[in-house]
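*Asks:* Dropping the structure in here first, questions after.
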Amino acid sequence: MSLIELNAVTKSYGSHQVIYDATLSIAAGEVIALIGKSGSGKSTLLRCLNGLEQISGGSLRIAGTPISYEKAKLRALRRKVAIVFQGYNLFPHLTVEDNVALAPRVTGKASGTEALKLAHRYLERVGLADKFRAHPRDLSGGQQQRVAIARALAVQPEILLLDEVTAALDPELVGEVLTVLGELAEQGLTMVLVTHEIAFARRAANRIAFMHQGRLHEVGPAEATISQPRTAELQKFLSAVR
Amino acid sequence: MREFSQNHMILILQGLGWTMALTLAAMIFGGILGLLVAVLRSSPNRWVSLPSAVLIRLFQGIPLVVVIFMIYFGIARTGYNVSPFVACAVGLSLFAAAFLGEIWRGALLAIPRAQWESADSLGMTSFQMLRIAILPQALRLSAPATVGFLVQLVKATSVCSMVGFVELMRAGQMVNGTTFDSFRVFGIVAALYLLINLPMSFAAKRLEKLKL
Ligand SMILES: Nc1ncnc2c1ncn2[C@@H]1O[C@H](COP(=O)(O)OP(=O)(O)OP(=O)(O)O)[C@@H](O)[C@H]1O
Ligand SMILES: [Mg+2]
């Protein structure tokens with residue numbers, strides 16, 4: 001059974017339709033890279049997967065459960081599906097360890113020192129063992145983004161969503177974040193990531209999903225899809241980003 | 001006419017104590033109500049936000065002295081006896097709630113939507129989002145304006161002299177009435193107001209420089 005099942009999903013803002021007929025099954029342990037031009041609907045589709053955006057039509061199942069936008073159900077969903085944003089969105093008034101300890105605390109999974117221990121474990125995993133007590137403002141962009149990843153991991157999600165998590169970083173900081181993502185992929189975490197790093201997507205993802213004008217225009221195995229794109233639109237997109 | 005004496009000074013200092021008590025009461029009750037007003041005012045639900053909008057407009061628009069007169073004399077007519085202190089504390093609390101509510105609402109609006117989304121995505125309840133993620137940032141952001149308002153609040157307590165409550169201003173008037181040493185008496189009164197307010201003004205300035 002697949003972990004995520006999109007069936008003819010549509011999304012409109014008022015009369016403006018941004019997602020058309022998205023159908024895709026994602027298996028547990030799979031890494032999917034969403035690529036495509038700006039405005040093609042990548043973020044919107046991603047945000048539908050944890051209920052930040054409500055779908056307008058079709059059906060969406062996460063771990064077998066049809067999505068529901070009732071408050072308590074959404075909170076339950078967010079414990080299965082964590083998300084990392086382009087702008088990190090850490091809480092500036094909390095230390096790094098408190099940022100990461102939040103998820104276990106608010107969901108009641110662990111409290112006090114136990115939550116902190118968990119936080120430390122995830123921070124070590126992203127290579128920030130020496131920054132527990134720092135504030136986000138004292139960190140570089142790459143470090144902040146790794147804290148954001150640790151914070152999402154502390155949710156202990158089944159699925160991790162990442163929206164252009166390297167796009168706001170200086171080029172020399174991109175590598176450290178991609179390394180962390182590569183490790184997570186190897187450890188078998190199910191991930192859906194929107195990215196402009198085609199080389200990384202090709203290497204780390206199992207499948208590529210190319211979005212074009214609100215549609216999943218071409219979906220296929222990472223390596224083959226990048227080296228031999230079938231549709232003219234993907235060919236054009238790839239030659240433009242190279 | 002009598003010489004200005006130690007007893008007069010004691011009366012003035014007692015007045016200072018009551019001024020501080022009034023300020024403290026208004027800070028606590030006005031602060032709690034103001035927080036509620038700010039949060040409810042930010043609600044997308046009109047029926048939730050409307051009452052706090054009304055409270056803000058009302059108590060920002062009506063002079064404090066009128067509010068206190070309405071409470072003090074108005075309620076007295078219904079047969080209940082309200083002490084001047086209670087009438088003043090209630091009036092000042094409503095006044096503080098309106099202004100603090102508006103200050104904090106502005107600060108809540110200034111917190112980026114991404115912060116809400118980020119908290120939401122971690123599985124927080126609406127109350128947790130406010131308490132853990134949003135309010136601490138909003139209160140820090142608005143700290144200079146909040147402290148600035150407290151200075152206004154201290155001065156506003158002087159209005160209570162008009163219903164006969166012996167706070168600092170009223171104590172000064174009483175001493176002046178017997179000594180006619182106006183310059184000295186009100187000089188002392190002014191110095192005592194400054195004694196409370198100057199440190200707060202400096203604190204407000206320093207808070208402006210503090211980073212989140
Ligand atoms: N809240 C919204 N209200 C109205 N329209 C929106 C909203 N969010 C997104 N859109 C529109 O939906 C379309 C897809 O946007 P989306 O952010 O998903 O694109 P994207 O592929 O992530 O682009 P980018 O690479 O620039 O991030 C765009 O035309 C955008 O203007
Ligand atoms: Mg996007």
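A note on labels: chains of the structure tokens are A, B, ... as shown, every chain counts residues from 1, and ligands are counted from 1 in their shown order.
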Kindly determine which residues of chain A lie within 9 Å of chain B, considering only C-alpha atoms, and give the answer as a PyMOL selection string.
*Replies:* chain A and resi 50-52+71-72+74-79+81-85+87-94+102-103+106-107+137+151-152+155
*Asks:* Skipping near chain neighbours, those fewer than 2 positions away, what residues fall within 12 Å of B:Gly31 using only C-alpha atoms, listed as JSON, numbers by chain?
*Replies:* {"B": [23, 24, 25, 26, 27, 28, 29, 33, 34, 35, 36, 37, 38, 92, 93, 94, 95, 96, 97, 98, 99, 100, 101, 102, 103, 104, 139, 146, 147, 149, 150, 153]}
*Asks:* For ligand 2, collect every residue having any atom at a distance of at most 12 Å from a ligand atom (counting only C-alpha atoms and all ligand atoms); output as a ChimeraX atom specification.
*Replies:* /A:34-47,85-87,162-165,167-168,193-196,211
*Asks:* Restricting it to N, CA and C atoms, dump the selection as a PDB file, in the first residue's frame.
*Replies:*
```
ATOM      1  N   LEU A  34      10.080  17.101  -6.740  1.00  0.00           N
ATOM      2  CA  LEU A  34       9.152  17.886  -7.566  1.00  0.00           C
ATOM      3  C   LEU A  34       9.945  19.005  -8.208  1.00  0.00           C
ATOM      4  N   ILE A  35       9.955  19.017  -9.525  1.00  0.00           N
ATOM      5  CA  ILE A  35      10.659  20.099 -10.202  1.00  0.00           C
ATOM      6  C   ILE A  35       9.696  20.800 -11.158  1.00  0.00           C
ATOM      7  N   GLY A  36      10.096  21.973 -11.619  1.00  0.00           N
ATOM      8  CA  GLY A  36       9.249  22.702 -12.550  1.00  0.00           C
ATOM      9  C   GLY A  36       9.463  24.198 -12.418  1.00  0.00           C
ATOM     10  N   LYS A  37       8.924  24.902 -13.392  1.00  0.00           N
ATOM     11  CA  LYS A  37       9.101  26.356 -13.439  1.00  0.00           C
ATOM     12  C   LYS A  37       8.414  27.039 -12.261  1.00  0.00           C
ATOM     13  N   SER A  38       8.819  28.261 -12.008  1.00  0.00           N
ATOM     14  CA  SER A  38       8.163  29.072 -10.990  1.00  0.00           C
ATOM     15  C   SER A  38       6.695  29.269 -11.357  1.00  0.00           C
ATOM     16  N   GLY A  39       5.828  29.047 -10.380  1.00  0.00           N
ATOM     17  CA  GLY A  39       4.396  29.231 -10.627  1.00  0.00           C
ATOM     18  C   GLY A  39       3.705  28.003 -11.179  1.00  0.00           C
ATOM     19  N   SER A  40       4.451  26.891 -11.330  1.00  0.00           N
ATOM     20  CA  SER A  40       3.839  25.690 -11.911  1.00  0.00           C
ATOM     21  C   SER A  40       2.990  24.931 -10.891  1.00  0.00           C
ATOM     22  N   GLY A  41       3.062  25.331  -9.616  1.00  0.00           N
ATOM     23  CA  GLY A  41       2.183  24.711  -8.617  1.00  0.00           C
ATOM     24  C   GLY A  41       2.873  23.743  -7.673  1.00  0.00           C
ATOM     25  N   LYS A  42       4.203  23.733  -7.654  1.00  0.00           N
ATOM     26  CA  LYS A  42       4.946  22.782  -6.816  1.00  0.00           C
ATOM     27  C   LYS A  42       4.650  22.985  -5.335  1.00  0.00           C
ATOM     28  N   SER A  43       4.797  24.236  -4.876  1.00  0.00           N
ATOM     29  CA  SER A  43       4.557  24.507  -3.448  1.00  0.00           C
ATOM     30  C   SER A  43       3.122  24.186  -3.077  1.00  0.00           C
ATOM     31  N   THR A  44       2.224  24.571  -3.926  1.00  0.00           N
ATOM     32  CA  THR A  44       0.808  24.350  -3.632  1.00  0.00           C
ATOM     33  C   THR A  44       0.528  22.861  -3.462  1.00  0.00           C
ATOM     34  N   LEU A  45       1.045  22.048  -4.388  1.00  0.00           N
ATOM     35  CA  LEU A  45       0.816  20.616  -4.299  1.00  0.00           C
ATOM     36  C   LEU A  45       1.430  20.059  -3.011  1.00  0.00           C
ATOM     37  N   LEU A  46       2.649  20.513  -2.721  1.00  0.00           N
ATOM     38  CA  LEU A  46       3.337  20.043  -1.514  1.00  0.00           C
ATOM     39  C   LEU A  46       2.538  20.394  -0.263  1.00  0.00           C
ATOM     40  N   ARG A  47       2.042  21.637  -0.221  1.00  0.00           N
ATOM     41  CA  ARG A  47       1.316  22.098   0.963  1.00  0.00           C
ATOM     42  C   ARG A  47      -0.046  21.425   1.117  1.00  0.00           C
ATOM     43  N   PHE A  85      10.407  24.636   5.373  1.00  0.00           N
ATOM     44  CA  PHE A  85      10.156  25.707   4.405  1.00  0.00           C
ATOM     45  C   PHE A  85      11.459  26.326   3.905  1.00  0.00           C
ATOM     46  N   GLN A  86      11.318  27.026   2.789  1.00  0.00           N
ATOM     47  CA  GLN A  86      12.471  27.734   2.217  1.00  0.00           C
ATOM     48  C   GLN A  86      13.073  28.736   3.207  1.00  0.00           C
ATOM     49  N   GLY A  87      12.212  29.438   3.932  1.00  0.00           N
ATOM     50  CA  GLY A  87      12.703  30.496   4.825  1.00  0.00           C
ATOM     51  C   GLY A  87      12.975  30.047   6.251  1.00  0.00           C
ATOM     52  N   LEU A 162       9.721  18.978   1.873  1.00  0.00           N
ATOM     53  CA  LEU A 162      10.718  20.047   1.881  1.00  0.00           C
ATOM     54  C   LEU A 162      10.476  20.958   0.692  1.00  0.00           C
ATOM     55  N   ASP A 163      10.284  22.246   0.960  1.00  0.00           N
ATOM     56  CA  ASP A 163       9.993  23.194  -0.117  1.00  0.00           C
ATOM     57  C   ASP A 163      11.189  24.100  -0.380  1.00  0.00           C
ATOM     58  N   GLU A 164      11.944  23.761  -1.407  1.00  0.00           N
ATOM     59  CA  GLU A 164      13.112  24.571  -1.807  1.00  0.00           C
ATOM     60  C   GLU A 164      13.967  24.970  -0.617  1.00  0.00           C
ATOM     61  N   VAL A 165      14.372  23.992   0.152  1.00  0.00           N
ATOM     62  CA  VAL A 165      15.060  24.307   1.404  1.00  0.00           C
ATOM     63  C   VAL A 165      16.466  24.860   1.208  1.00  0.00           C
ATOM     64  N   ALA A 167      17.050  27.062  -1.437  1.00  0.00           N
ATOM     65  CA  ALA A 167      16.937  28.188  -2.379  1.00  0.00           C
ATOM     66  C   ALA A 167      17.359  29.520  -1.773  1.00  0.00           C
ATOM     67  N   ALA A 168      17.221  29.671  -0.453  1.00  0.00           N
ATOM     68  CA  ALA A 168      17.553  30.956   0.156  1.00  0.00           C
ATOM     69  C   ALA A 168      19.004  31.000   0.639  1.00  0.00           C
ATOM     70  N   LEU A 193      10.310  16.410  -2.065  1.00  0.00           N
ATOM     71  CA  LEU A 193      11.028  17.676  -1.991  1.00  0.00           C
ATOM     72  C   LEU A 193      10.926  18.463  -3.274  1.00  0.00           C
ATOM     73  N   VAL A 194      10.599  19.726  -3.102  1.00  0.00           N
ATOM     74  CA  VAL A 194      10.614  20.653  -4.225  1.00  0.00           C
ATOM     75  C   VAL A 194      12.033  21.190  -4.302  1.00  0.00           C
ATOM     76  N   THR A 195      12.643  21.113  -5.467  1.00  0.00           N
ATOM     77  CA  THR A 195      14.031  21.579  -5.539  1.00  0.00           C
ATOM     78  C   THR A 195      14.395  22.082  -6.927  1.00  0.00           C
ATOM     79  N   HIS A 196      15.360  22.975  -6.944  1.00  0.00           N
ATOM     80  CA  HIS A 196      15.936  23.425  -8.215  1.00  0.00           C
ATOM     81  C   HIS A 196      17.289  22.772  -8.447  1.00  0.00           C
ATOM     82  N   MET A 211       6.428  19.291 -12.848  1.00  0.00           N
ATOM     83  CA  MET A 211       5.149  20.006 -12.916  1.00  0.00           C
ATOM     84  C   MET A 211       5.209  21.078 -13.964  1.00  0.00           C
TER      85      MET A 211
END
```
*Asks:* I want to know what sits within 7 Å of stretch 180-197 of chain B, based on only C-alpha atoms, with residues of the same chain fewer than 3 positions away left out; could you give that as a PyMOL selection string?
*Replies:* chain B and resi 151+168-169+172+176-177+200-201
*Asks:* Applying 10 Å and only C-alpha atoms, which residues near A:Ala199 remain after dropping the ones on its own chain fewer than 3 positions away? List them as a PyMOL selection string.
*Replies:* chain A and resi 196+202-205+223+226+242
*Asks:* Closest to ligand 1 among A:Leu160, A:Ile67, A:Met1, A:Cys48, using only C-alpha atoms and all ligand atoms?
*Replies:* A:Cys48
*Asks:* Nearest residue to B:Met1 out of B:Thr179, B:Val163, B:Arg206, B:Val154, using only C-alpha atoms?
*Replies:*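 Among the listed residues, B:Thr179 lies closest to B:Met1.
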*Asks:* Which residues, written as a ChimeraX atom specification, have at least one atom at most 12 Å from B:Phe73, with only C-alpha atoms counted and residues fewer than 3 positions away on the same chain left out?
*Replies:* /B:65-70,76-84,87-88,162-164
*Asks:* I need the residues of stretch 70-239 of chain A that end up classed as helix (DSSP H, G or I) by DSSP on the backbone, written out as a ChimeraX atom specification.
*Replies:* /A:71-78,96-106,112-125,136-138,141-153,171-186,198-204,222-227,232-239
*Asks:* I'd like the interatomic distance between atom CA of B:Ala138 and atom CA of A:Gln143, to a tenth of an Å.
*Replies:*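 Between these atoms lies a distance of 25.0 Å.
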*Asks:* I'd like the neighbourhood of A:Ala101 as a list in words, where a residue qualifies if any of its atoms comes within 10 Å (using only C-alpha atoms), though same-chain residues fewer than 3 positions away should be ignored.
*Replies:*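 Listing them by chain and then by number gives Thr95, Val96, Glu97, Asp98, Pro104, Arg105, Val106, Ala110, Ser111, Gly112, Thr113, Glu114, Ala115, Leu116, Lys117, Leu118, Ala119, His120, Tyr122, Ala150, Arg151, Ala154 and Val155 of chain A.
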*Asks:* Ranking A:Glu5, A:Glu30, A:Glu53, A:Glu124 by minimum distance to ligand 1 and counting only C-alpha atoms and all ligand atoms, which one comes first?
*Replies:*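 Residue with the minimum atom-to-atom distance to ligand 1: A:Glu53.
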*Asks:* Which residues are close to stretch 54-57 of chain A, i.e. within 12 Å by only C-alpha atoms, leaving aside same-chain residues fewer than 3 positions away? Reply as an MDAnalysis selection string.
*Replies:* chainID A and resid 6:23 44:51 60:61 66:70 74
*Asks:* Quick check, in Å to one decimal: how far apart do atom CA of B:Arg170 and atom CA of B:Gln14 lie?
*Replies:*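 Between these atoms lies a distance of 10.7 Å.
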